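Peer 1: Sharing a structure, written as structure tokens. Questions coming.
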Amino acid sequence: MEDSYHRLSEAYGFPESRYLPRILEKCLTEREASLLLSLPGTAEEVAGKLCMDVSSVQSILGELFQKGFIFYDLVEGKRRYTLITNLRDAITVNNRVEQFGEEFFDLWARMYDEEVSRDFDVEGYEARVIPVHEAIEPGAEILPYEKVSGLLEKAETIAVMRCPCRITNRRCDNPVETCITLNGAAKYVLERGVGRELTREEALSLFNQCEDAGLIHQVGNGSLGVSWICNCCACCCVYLRAQIISGKKYATVKTRYRAVVDSGLCNECGLCIDRCNFGTIKMVNSKPVIDEEKCFGCGLCASQCPVNAISLSQTKGPEYIPTREAEPLFSSI
Ligand code: SF4
Ligand code: SF4
Ligand code: SF4
């Protein structure tokens, strides 16, 4: 009979994975893995299924919640636990992830690139890039979800947590405390102790720092709205890597804008080339030329042009980005 780690891999939808059982073995005890397989249920129901006493089950469930493998709803005043099926949230949003060791990081990176990214072939964009809104040409229409400040304004709770993509991929030295969660997702992050609460002003200041550092804003593309806003790099981000390196169609979607250069204003400093994560800009006769096909419309080139010679021009209408039907795990705005 297969061990609990293999059966759990199957429950996560990766029955043939070459990596996941070994990853799970590094994160979970055999008993924790067996308990996960008995969910959903309350502590009492799980205790009944596994012939264990309720207080031992409660203690393991508490540990699994802290580790990020389970979530709960209150049903008639009792916590009813379910498995979190988003592997990234379950395994890498974890204060103790560094303790899993070098082999864990290697296995994780290989599993993501070779196996998990296949999910991004399924129709419905997981994420969308949103532009630095100061870079957008005057008079262009900006939709509510395209503006970080607008998303923050509506949020009741805001929390920041460490970026699991950069912690696990480790391909750059960009800042790590950069993933913003909102409302229900923020409360969950705070309850687990894997993030800290921010005021709106602190969150806006963090976004400005991330823009200065050359990080790209992305939001989740769920039908119930936005529950996270990330600050990403093309080298570590699971969505951008899947899109650019593995050619996955539905990992993330570009903005409705493209960068345009006013050659008359340009002083030929070349800064915009360094700012672009996508290798989109080339110097031709000492002036920057944008490859429109490759441009994601993030606006990072424009935001630090010393003479404002680049801006984002709207090239698509509001219907351009279809919202993914899948519901986010947590309530959102
Ligand atoms: S999506 Fe972006 S900020 Fe979020 S975890 Fe990945 S790289 Fe980090
Ligand atoms: S950053 Fe601005 S001024 Fe410098 S090369 Fe690019 S467009 Fe020209
Ligand atoms: S040229 Fe590069 S930095 Fe500028 S908007 Fe396009 S993708 Fe972003």
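Numbering starts fresh at 1 for the residues of each chain in the structure tokens, the chains themselves are lettered A, B, ... in the order given, and ligands are numbered from 1 as they appear.
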Please provide the set of residues having any atom within 9 Å of Tyr81 (chain A), restricted to only C-alpha atoms, with same-chain residues fewer than 2 positions apart removed, written as a PyMOL selection string.
Peer 2: chain A and resi 39-43+61+70-74+79+83
Peer 1: Write the selection just made, keeping C-alpha atoms, as a PDB file, in the first residue's frame?
Peer 2:
ATOM      1  CA  LEU A  39     -10.221  15.759   6.112  1.00  0.00           C
ATOM      2  CA  PRO A  40     -12.652  17.448   5.842  1.00  0.00           C
ATOM      3  CA  GLY A  41     -13.991  17.264   9.351  1.00  0.00           C
ATOM      4  CA  THR A  42     -14.125  18.709  12.853  1.00  0.00           C
ATOM      5  CA  ALA A  43     -11.555  17.618  15.450  1.00  0.00           C
ATOM      6  CA  LEU A  61      -4.675  20.438  13.594  1.00  0.00           C
ATOM      7  CA  ILE A  70      -5.475  23.525   6.357  1.00  0.00           C
ATOM      8  CA  PHE A  71      -8.174  26.132   6.629  1.00  0.00           C
ATOM      9  CA  TYR A  72     -11.373  26.121   8.673  1.00  0.00           C
ATOM     10  CA  ASP A  73     -14.949  27.380   8.524  1.00  0.00           C
ATOM     11  CA  LEU A  74     -17.176  27.764  11.559  1.00  0.00           C
ATOM     12  CA  ARG A  79     -14.246  24.578  13.415  1.00  0.00           C
ATOM     13  CA  LEU A  83      -7.231  20.790   3.079  1.00  0.00           C
TER      14      LEU A  83
END
Peer 1: Kindly compile the residues surrounding ligand 1 within 10 Å, counting only C-alpha atoms and all ligand atoms, and format them as a ChimeraX atom specification.
Peer 2: /A:88-89,92-93,127,161-169,174-181,210,215-220,228-241,252
Peer 1: Could you list, as a compact mmCIF listing (two decimals) with N, CA, C and O atoms, in the first residue's frame, all residues that come within 10 Å of ligand 3? Count only C-alpha atoms and all ligand atoms.
Peer 2:
# COMPACT_ATOMS: atom_id res chain seq x y z
N VAL A 129 -1.06 41.49 -14.68
CA VAL A 129 -0.13 42.57 -14.36
C VAL A 129 -0.94 43.86 -14.29
O VAL A 129 -1.89 44.04 -15.07
N PRO A 131 -0.52 48.22 -14.09
CA PRO A 131 0.51 49.20 -14.42
C PRO A 131 0.84 50.15 -13.27
O PRO A 131 0.02 50.36 -12.37
N VAL A 132 2.05 50.72 -13.32
CA VAL A 132 2.36 51.88 -12.46
C VAL A 132 1.47 53.01 -12.98
O VAL A 132 1.64 53.45 -14.11
N ALA A 135 2.47 56.18 -14.78
CA ALA A 135 3.09 56.07 -16.11
C ALA A 135 2.06 56.15 -17.24
O ALA A 135 2.42 56.31 -18.40
N ILE A 136 0.78 56.06 -16.90
CA ILE A 136 -0.26 56.01 -17.94
C ILE A 136 -0.49 57.40 -18.53
O ILE A 136 -0.52 58.41 -17.80
N GLY A 214 12.18 48.16 -8.98
CA GLY A 214 11.96 47.56 -10.31
C GLY A 214 11.07 46.32 -10.27
O GLY A 214 11.15 45.48 -11.16
N LEU A 215 10.19 46.23 -9.26
CA LEU A 215 9.29 45.07 -9.17
C LEU A 215 7.95 45.38 -9.84
O LEU A 215 7.47 46.52 -9.82
N ILE A 216 7.37 44.35 -10.42
CA ILE A 216 6.15 44.48 -11.23
C ILE A 216 4.93 44.17 -10.37
O ILE A 216 4.91 43.16 -9.66
N LYS A 254 -0.98 40.42 -19.70
CA LYS A 254 -0.42 41.77 -19.78
C LYS A 254 -1.49 42.82 -19.47
O LYS A 254 -2.68 42.52 -19.51
N THR A 255 -1.05 44.06 -19.22
CA THR A 255 -2.03 45.14 -18.99
C THR A 255 -2.63 45.57 -20.33
O THR A 255 -2.24 45.07 -21.39
N TYR A 257 -2.12 48.33 -21.62
CA TYR A 257 -1.30 49.47 -22.06
C TYR A 257 0.02 48.98 -22.67
O TYR A 257 0.45 47.86 -22.40
N ARG A 258 0.65 49.80 -23.48
CA ARG A 258 1.97 49.51 -24.01
C ARG A 258 2.82 50.77 -23.89
O ARG A 258 2.29 51.90 -24.04
N ALA A 259 4.13 50.55 -23.68
CA ALA A 259 5.03 51.70 -23.54
C ALA A 259 5.27 52.36 -24.90
O ALA A 259 5.44 51.66 -25.90
N VAL A 260 5.28 53.69 -24.92
CA VAL A 260 5.65 54.42 -26.14
C VAL A 260 6.70 55.47 -25.77
O VAL A 260 6.65 56.05 -24.68
N VAL A 261 7.63 55.70 -26.70
CA VAL A 261 8.74 56.63 -26.45
C VAL A 261 8.55 57.88 -27.29
O VAL A 261 8.21 57.80 -28.47
N CYS A 272 15.94 53.08 -19.12
CA CYS A 272 14.72 52.29 -19.34
C CYS A 272 15.06 50.84 -19.71
O CYS A 272 14.30 49.92 -19.38
N ILE A 273 16.20 50.63 -20.37
CA ILE A 273 16.57 49.26 -20.76
C ILE A 273 16.82 48.42 -19.50
O ILE A 273 16.36 47.29 -19.39
N ASP A 274 17.51 49.01 -18.52
CA ASP A 274 17.77 48.28 -17.27
C ASP A 274 16.49 48.05 -16.47
O ASP A 274 16.37 47.08 -15.73
N ARG A 275 15.53 48.96 -16.60
CA ARG A 275 14.30 48.85 -15.81
C ARG A 275 13.36 47.77 -16.33
O ARG A 275 12.49 47.31 -15.61
N CYS A 276 13.49 47.38 -17.59
CA CYS A 276 12.52 46.43 -18.16
C CYS A 276 12.92 44.99 -17.83
O CYS A 276 14.01 44.55 -18.15
N ASN A 277 12.00 44.27 -17.19
CA ASN A 277 12.23 42.87 -16.81
C ASN A 277 12.12 41.92 -18.00
O ASN A 277 12.41 40.75 -17.86
N PHE A 278 11.63 42.40 -19.13
CA PHE A 278 11.24 41.50 -20.21
C PHE A 278 12.12 41.63 -21.45
O PHE A 278 11.80 41.05 -22.49
N GLY A 279 13.20 42.39 -21.36
CA GLY A 279 14.09 42.55 -22.52
C GLY A 279 13.38 43.14 -23.72
O GLY A 279 13.64 42.77 -24.86
N THR A 280 12.47 44.08 -23.45
CA THR A 280 11.58 44.60 -24.49
C THR A 280 12.18 45.80 -25.24
O THR A 280 11.75 46.11 -26.34
N ILE A 281 13.16 46.47 -24.59
CA ILE A 281 13.64 47.73 -25.16
C ILE A 281 15.06 47.54 -25.71
O ILE A 281 15.93 46.96 -25.05
N LYS A 282 15.28 48.04 -26.92
CA LYS A 282 16.61 48.00 -27.52
C LYS A 282 16.96 49.41 -27.99
O LYS A 282 16.07 50.17 -28.39
N PRO A 288 15.73 54.50 -27.65
CA PRO A 288 15.06 53.26 -27.27
C PRO A 288 13.90 52.93 -28.20
O PRO A 288 13.11 53.81 -28.55
N VAL A 289 13.84 51.64 -28.58
CA VAL A 289 12.73 51.17 -29.41
C VAL A 289 12.04 50.03 -28.66
O VAL A 289 12.71 49.11 -28.17
N ILE A 290 10.72 50.11 -28.53
CA ILE A 290 9.96 49.11 -27.76
C ILE A 290 9.44 48.03 -28.71
O ILE A 290 8.85 48.35 -29.74
N ASP A 291 9.62 46.79 -28.33
CA ASP A 291 9.00 45.68 -29.06
C ASP A 291 7.59 45.51 -28.48
O ASP A 291 7.41 44.95 -27.38
N GLU A 292 6.60 45.98 -29.21
CA GLU A 292 5.24 46.04 -28.65
C GLU A 292 4.70 44.66 -28.27
O GLU A 292 3.97 44.51 -27.29
N GLU A 293 5.09 43.66 -29.03
CA GLU A 293 4.62 42.29 -28.77
C GLU A 293 5.11 41.79 -27.41
O GLU A 293 4.42 41.06 -26.70
N LYS A 294 6.34 42.17 -27.05
CA LYS A 294 6.93 41.67 -25.80
C LYS A 294 6.58 42.54 -24.59
O LYS A 294 6.80 42.15 -23.45
N CYS A 295 6.08 43.75 -24.82
CA CYS A 295 5.83 44.68 -23.72
C CYS A 295 4.64 44.22 -22.87
O CYS A 295 3.57 43.94 -23.40
N PHE A 296 4.83 44.16 -21.55
CA PHE A 296 3.76 43.77 -20.63
C PHE A 296 2.94 44.99 -20.15
O PHE A 296 1.98 44.83 -19.41
N GLY A 297 3.38 46.18 -20.49
CA GLY A 297 2.65 47.38 -20.05
C GLY A 297 2.71 47.61 -18.56
O GLY A 297 1.78 48.15 -17.96
N CYS A 298 3.85 47.26 -17.95
CA CYS A 298 3.96 47.43 -16.49
C CYS A 298 4.28 48.87 -16.09
O CYS A 298 3.98 49.30 -14.99
N GLY A 299 4.93 49.61 -16.98
CA GLY A 299 5.22 51.02 -16.70
C GLY A 299 6.50 51.28 -15.94
O GLY A 299 6.81 52.44 -15.64
N LEU A 300 7.28 50.26 -15.64
CA LEU A 300 8.49 50.48 -14.84
C LEU A 300 9.53 51.30 -15.61
O LEU A 300 10.29 52.05 -15.02
N CYS A 301 9.56 51.15 -16.94
CA CYS A 301 10.50 51.94 -17.73
C CYS A 301 10.17 53.43 -17.61
O CYS A 301 11.06 54.27 -17.47
N ALA A 302 8.88 53.73 -17.64
CA ALA A 302 8.44 55.13 -17.63
C ALA A 302 8.63 55.77 -16.26
O ALA A 302 8.94 56.96 -16.17
N SER A 303 8.46 54.97 -15.20
CA SER A 303 8.40 55.57 -13.87
C SER A 303 9.73 56.21 -13.45
O SER A 303 9.73 57.06 -12.58
N ILE A 310 8.94 58.42 -21.76
CA ILE A 310 8.14 57.20 -22.00
C ILE A 310 6.83 57.32 -21.23
O ILE A 310 6.80 57.82 -20.10
N SER A 311 5.76 56.84 -21.82
CA SER A 311 4.50 56.73 -21.08
C SER A 311 3.78 55.48 -21.55
O SER A 311 4.20 54.84 -22.52
N LEU A 312 2.73 55.13 -20.83
CA LEU A 312 1.93 53.97 -21.21
C LEU A 312 0.72 54.45 -22.00
O LEU A 312 -0.05 55.29 -21.53
N SER A 313 0.57 53.87 -23.18
CA SER A 313 -0.56 54.24 -24.02
C SER A 313 -1.58 53.10 -24.00
O SER A 313 -1.21 51.93 -24.11
Peer 1: Got a sec to check which residues lie within 6 Å of ligand 2, using only C-alpha atoms and all ligand atoms, and send them as a PyMOL selection string?
Peer 2: chain A and resi 261+266-272+288+305-307+309-310
Peer 1: Include all heavy atoms and write out the residues we just selected as an mmCIF file, in the first residue's frame.
Peer 2:
data_model
loop_
_atom_site.group_PDB
_atom_site.id
_atom_site.type_symbol
_atom_site.label_atom_id
_atom_site.label_comp_id
_atom_site.auth_asym_id
_atom_site.auth_seq_id
_atom_site.Cartn_x
_atom_site.Cartn_y
_atom_site.Cartn_z
ATOM 1 N N VAL A 261 7.634 55.702 -26.702
ATOM 2 C CA VAL A 261 8.738 56.628 -26.448
ATOM 3 C C VAL A 261 8.551 57.883 -27.294
ATOM 4 O O VAL A 261 8.209 57.800 -28.471
ATOM 5 C CB VAL A 261 10.088 55.971 -26.827
ATOM 6 C CG1 VAL A 261 11.246 56.937 -26.575
ATOM 7 C CG2 VAL A 261 10.292 54.676 -26.069
ATOM 8 N N CYS A 266 13.744 62.178 -25.428
ATOM 9 C CA CYS A 266 14.708 61.209 -24.863
ATOM 10 C C CYS A 266 16.133 61.767 -24.862
ATOM 11 O O CYS A 266 16.590 62.313 -25.868
ATOM 12 C CB CYS A 266 14.627 59.930 -25.698
ATOM 13 S SG CYS A 266 15.906 58.737 -25.289
ATOM 14 N N ASN A 267 16.834 61.601 -23.724
ATOM 15 C CA ASN A 267 18.229 62.066 -23.650
ATOM 16 C C ASN A 267 19.229 60.925 -23.834
ATOM 17 O O ASN A 267 20.421 61.095 -23.558
ATOM 18 C CB ASN A 267 18.476 62.817 -22.341
ATOM 19 C CG ASN A 267 18.452 61.881 -21.135
ATOM 20 O OD1 ASN A 267 18.427 60.657 -21.292
ATOM 21 N ND2 ASN A 267 18.474 62.439 -19.936
ATOM 22 N N GLU A 268 18.729 59.736 -24.225
ATOM 23 C CA GLU A 268 19.561 58.583 -24.588
ATOM 24 C C GLU A 268 20.333 58.001 -23.403
ATOM 25 O O GLU A 268 21.389 57.412 -23.567
ATOM 26 C CB GLU A 268 20.533 58.959 -25.727
ATOM 27 C CG GLU A 268 19.801 59.516 -26.937
ATOM 28 C CD GLU A 268 20.729 60.062 -28.018
ATOM 29 O OE1 GLU A 268 21.941 59.862 -27.907
ATOM 30 O OE2 GLU A 268 20.213 60.679 -28.965
ATOM 31 N N CYS A 269 19.812 58.155 -22.172
ATOM 32 C CA CYS A 269 20.546 57.676 -20.991
ATOM 33 C C CYS A 269 20.551 56.150 -20.881
ATOM 34 O O CYS A 269 21.413 55.572 -20.223
ATOM 35 C CB CYS A 269 19.971 58.288 -19.709
ATOM 36 S SG CYS A 269 18.330 57.645 -19.284
ATOM 37 N N GLY A 270 19.578 55.467 -21.450
ATOM 38 C CA GLY A 270 19.546 53.992 -21.433
ATOM 39 C C GLY A 270 18.959 53.377 -20.166
ATOM 40 O O GLY A 270 18.889 52.153 -20.029
ATOM 41 N N LEU A 271 18.504 54.216 -19.213
ATOM 42 C CA LEU A 271 17.984 53.697 -17.949
ATOM 43 C C LEU A 271 16.779 52.759 -18.160
ATOM 44 O O LEU A 271 16.617 51.747 -17.469
ATOM 45 C CB LEU A 271 17.578 54.879 -17.062
ATOM 46 C CG LEU A 271 17.139 54.574 -15.644
ATOM 47 C CD1 LEU A 271 18.252 53.898 -14.854
ATOM 48 C CD2 LEU A 271 16.700 55.859 -14.942
ATOM 49 N N CYS A 272 15.937 53.084 -19.121
ATOM 50 C CA CYS A 272 14.720 52.285 -19.338
ATOM 51 C C CYS A 272 15.057 50.836 -19.710
ATOM 52 O O CYS A 272 14.299 49.918 -19.381
ATOM 53 C CB CYS A 272 13.841 52.923 -20.403
ATOM 54 S SG CYS A 272 14.707 53.313 -21.924
ATOM 55 N N PRO A 288 15.733 54.505 -27.647
ATOM 56 C CA PRO A 288 15.064 53.256 -27.269
ATOM 57 C C PRO A 288 13.897 52.925 -28.197
ATOM 58 O O PRO A 288 13.111 53.806 -28.549
ATOM 59 C CB PRO A 288 14.558 53.538 -25.847
ATOM 60 C CG PRO A 288 14.530 55.012 -25.719
ATOM 61 C CD PRO A 288 15.495 55.593 -26.701
ATOM 62 N N CYS A 305 12.123 57.319 -15.940
ATOM 63 C CA CYS A 305 12.736 58.069 -17.050
ATOM 64 C C CYS A 305 12.967 59.512 -16.568
ATOM 65 O O CYS A 305 12.022 60.185 -16.148
ATOM 66 C CB CYS A 305 11.821 58.067 -18.276
ATOM 67 S SG CYS A 305 12.418 59.160 -19.579
ATOM 68 N N PRO A 306 14.208 60.003 -16.608
ATOM 69 C CA PRO A 306 14.481 61.320 -16.013
ATOM 70 C C PRO A 306 13.820 62.487 -16.738
ATOM 71 O O PRO A 306 13.694 63.574 -16.170
ATOM 72 C CB PRO A 306 16.018 61.426 -16.090
ATOM 73 C CG PRO A 306 16.437 60.467 -17.158
ATOM 74 C CD PRO A 306 15.418 59.368 -17.153
ATOM 75 N N VAL A 307 13.413 62.273 -17.998
ATOM 76 C CA VAL A 307 12.820 63.396 -18.759
ATOM 77 C C VAL A 307 11.389 63.091 -19.219
ATOM 78 O O VAL A 307 10.865 63.752 -20.119
ATOM 79 C CB VAL A 307 13.725 63.742 -19.980
ATOM 80 C CG1 VAL A 307 15.036 64.346 -19.522
ATOM 81 C CG2 VAL A 307 13.979 62.514 -20.857
ATOM 82 N N ALA A 309 10.153 60.740 -21.019
ATOM 83 C CA ALA A 309 10.046 60.492 -22.468
ATOM 84 C C ALA A 309 9.280 59.202 -22.781
ATOM 85 O O ALA A 309 9.018 58.922 -23.941
ATOM 86 C CB ALA A 309 11.442 60.423 -23.086
ATOM 87 N N ILE A 310 8.936 58.417 -21.759
ATOM 88 C CA ILE A 310 8.136 57.201 -22.001
ATOM 89 C C ILE A 310 6.825 57.320 -21.228
ATOM 90 O O ILE A 310 6.800 57.820 -20.101
ATOM 91 C CB ILE A 310 8.838 55.917 -21.506
ATOM 92 C CG1 ILE A 310 10.235 55.793 -22.104
ATOM 93 C CG2 ILE A 310 8.033 54.679 -21.879
ATOM 94 C CD1 ILE A 310 10.865 54.421 -21.885
#
Peer 1: Pick out the closest residue to Ser286 (chain A) from this set: A:Val148, A:Ser263, A:Glu141, A:Tyr250. Count only C-alpha atoms.
Peer 2: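 Nearest to Ser286 (chain A): A:Ser263.
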Peer 1: What's around Phe120 (chain A) at 10 Å? Count only C-alpha atoms, leave out sequence neighbours fewer than 4 positions away in its own chain, and write the answer as a list in words.
Peer 2: Val116, Gly124, Tyr125, Glu126, Tyr239, Ala242, Gln243, Ser246, Gly247, Lys248, Lys249, Tyr250, Ala251 and Thr252 of chain A
Peer 1: Between A:Glu10, A:Gln58, A:Gly222, A:Tyr19, which residue has the minimum interatomic distance to Arg110 (chain A), considering only C-alpha atoms?
Peer 2: A:Tyr19
Peer 1: If we count only C-alpha atoms, what is near Leu35 (chain A) at a cut-off of 9 Å, once residues fewer than 2 positions away on the same chain are taken out, given as a list of chain:residue names?
Peer 2: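 Result of the neighbour search: A:Glu30, A:Arg31, A:Glu32, A:Ala33, A:Leu37, A:Ser38, A:Leu39, A:Val46, A:Leu50, A:Val57, A:Ile60, A:Leu61.
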Peer 1: Mind writing the picked residues with C-alpha atoms as a PDB file, in the first residue's frame?
Peer 2:
ATOM      1  CA  GLU A  30       3.673  10.684   8.826  1.00  0.00           C
ATOM      2  CA  ARG A  31       0.929  11.305  11.388  1.00  0.00           C
ATOM      3  CA  GLU A  32       0.246  14.826  10.061  1.00  0.00           C
ATOM      4  CA  ALA A  33       0.025  13.456   6.515  1.00  0.00           C
ATOM      5  CA  LEU A  37      -6.008  12.564   4.332  1.00  0.00           C
ATOM      6  CA  SER A  38      -8.912  12.216   6.770  1.00  0.00           C
ATOM      7  CA  LEU A  39     -10.221  15.759   6.112  1.00  0.00           C
ATOM      8  CA  VAL A  46     -11.220  13.261  12.650  1.00  0.00           C
ATOM      9  CA  LEU A  50      -8.447   7.825  13.169  1.00  0.00           C
ATOM     10  CA  VAL A  57      -6.082  15.706  17.094  1.00  0.00           C
ATOM     11  CA  ILE A  60      -1.998  18.369  15.338  1.00  0.00           C
ATOM     12  CA  LEU A  61      -4.675  20.438  13.594  1.00  0.00           C
TER      13      LEU A  61
END
Peer 1: List the spatial neighbours of region 197-206 of chain A as a PyMOL selection string - criterion: any atom at most 7 Å away, only C-alpha atoms, same-chain residues fewer than 4 positions off excluded.
Peer 2: chain A and resi 149+152+158-160+210
Peer 1: Please return as an NGL selection string: the residues of region 81-330 of chain A that backbone DSSP assigns to alpha helix (DSSP H).
Peer 2: :A and (87-92 or 102-114 or 148-154 or 164-169 or 183-192 or 200-212 or 238-244 or 271-275 or 300-303)
Peer 1: I'd like to know which of A:Gly101, A:Tyr12, A:Arg118, A:Leu143 is closest to Leu87 (chain A), using only C-alpha atoms.
Peer 2: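 Among A:Gly101, A:Tyr12, A:Arg118, A:Leu143, it is A:Tyr12 that comes nearest to Leu87 (chain A).
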Peer 1: For His133 (chain A), which residue out of A:Gln314, A:Ala47, A:Leu8, A:Val189 is the nearest one, using only C-alpha atoms?
Peer 2: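 The closest residue to His133 (chain A) is A:Gln314.
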Peer 1: Which one is closest to Gln304 (chain A): A:Ala213, A:Val54, A:Val284, A:Leu151? Count only C-alpha atoms.
Peer 2: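 Ranked by minimum distance to Gln304 (chain A), first place goes to A:Ala213.
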Peer 1: What does the distance between CA of Arg18 (chain A) and CA of Met111 (chain A) come to in Å, to one decimal place?
Peer 2: 7.8 Å
